[in-house]
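A quick write-up on the structure given underneath.
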Amino acid sequence: MTNIIAVLTALAEPTRLRAIEIIWDGREHCVCELMEVLEREQSCMSRHMTALKKVGLVIDRRDAQWVRYRRNPELPKATLKLVEAVLEHTKSGKGKRREVLC
């Protein structure tokens with residue numbers, strides 16, 4: 001069972017939430033792509049992706065020197081619905097974003 005508080009805590013950080021918005025399209029994304037889109041350094045992005053991986057939202061795959069991330073296909077339905085609700089809330093403009101640098 002996924003720890004809902006840990007998931008919400010992970011999603012509460014703006015960079016991680018933006019990364020999930022990108023990854024939630026179902027495709028695999030290279031950390032280099034996430035770094036560019038989110039304007040973060042590799043070490044910063046690695047810390048954020050490790051946090052998302054730790055709570056089970058993403059899985060990764062090594063590809064030479066890069067790591068590729070995608071949505072965890074084995075997420076429990078309740079967790080999936082929770083993340084989708086958070087993303088919908090963010091898209092609707094109800095969730096105020098604040099920029100936080102690493």
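Letters for chains follow the order of the structure tokens (A, B, ...), residue numbers begin at 1 for each chain, and ligand numbers begin at 1 in the order shown.
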
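For Ala19 of chain A, the non-local neighbours within 8 Å, defined as residues at least 3 positions apart in the same chain or in other chains and counting only C-alpha atoms, are Thr15, Arg16, Ile22, Ile23, Leu34 and Leu38 of chain A.
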
(Q) I'd like the neighbourhood of Thr9 of chain A as number ranges by chain, where a residue qualifies if any of its atoms comes within 12 Å (using only C-alpha atoms), though same-chain residues fewer than 3 positions away should be ignored. (A) A: 3-6, 12-14, 16-17, 48, 51-52, 54-55, 83, 86

Just C-alpha atoms for this one: save the residues we selected as a compact mmCIF listing (two decimals), in the first residue's frame.
```txt
# COMPACT_ATOMS: atom_id res chain seq x y z
CA ASN A 3 1.73 5.96 1.89
CA ILE A 4 -0.66 8.74 0.84
CA ILE A 5 0.99 11.33 3.10
CA ALA A 6 4.39 10.58 1.52
CA ALA A 12 3.80 19.43 -2.70
CA GLU A 13 7.26 20.43 -3.95
CA PRO A 14 6.86 22.53 -7.14
CA ARG A 16 8.53 17.47 -8.42
CA LEU A 17 4.95 18.38 -9.29
CA HIS A 48 13.73 15.29 -6.96
CA ALA A 51 12.03 11.41 -4.00
CA LEU A 52 9.37 10.56 -6.60
CA LYS A 54 11.00 6.52 -3.31
CA VAL A 55 7.23 7.06 -2.93
CA VAL A 83 -2.21 12.04 -8.49
CA VAL A 86 -3.78 16.84 -7.94
```

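Closest approach to Asp60 of chain A among A:Ala10, A:Cys44, A:Pro73, A:Leu87: A:Pro73, based on only C-alpha atoms.
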
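The nearest approach to Arg62 of chain A among the residues A:Val7, A:Ile20, A:Cys30, A:Thr50, with only C-alpha atoms taken into account, belongs to A:Cys30.
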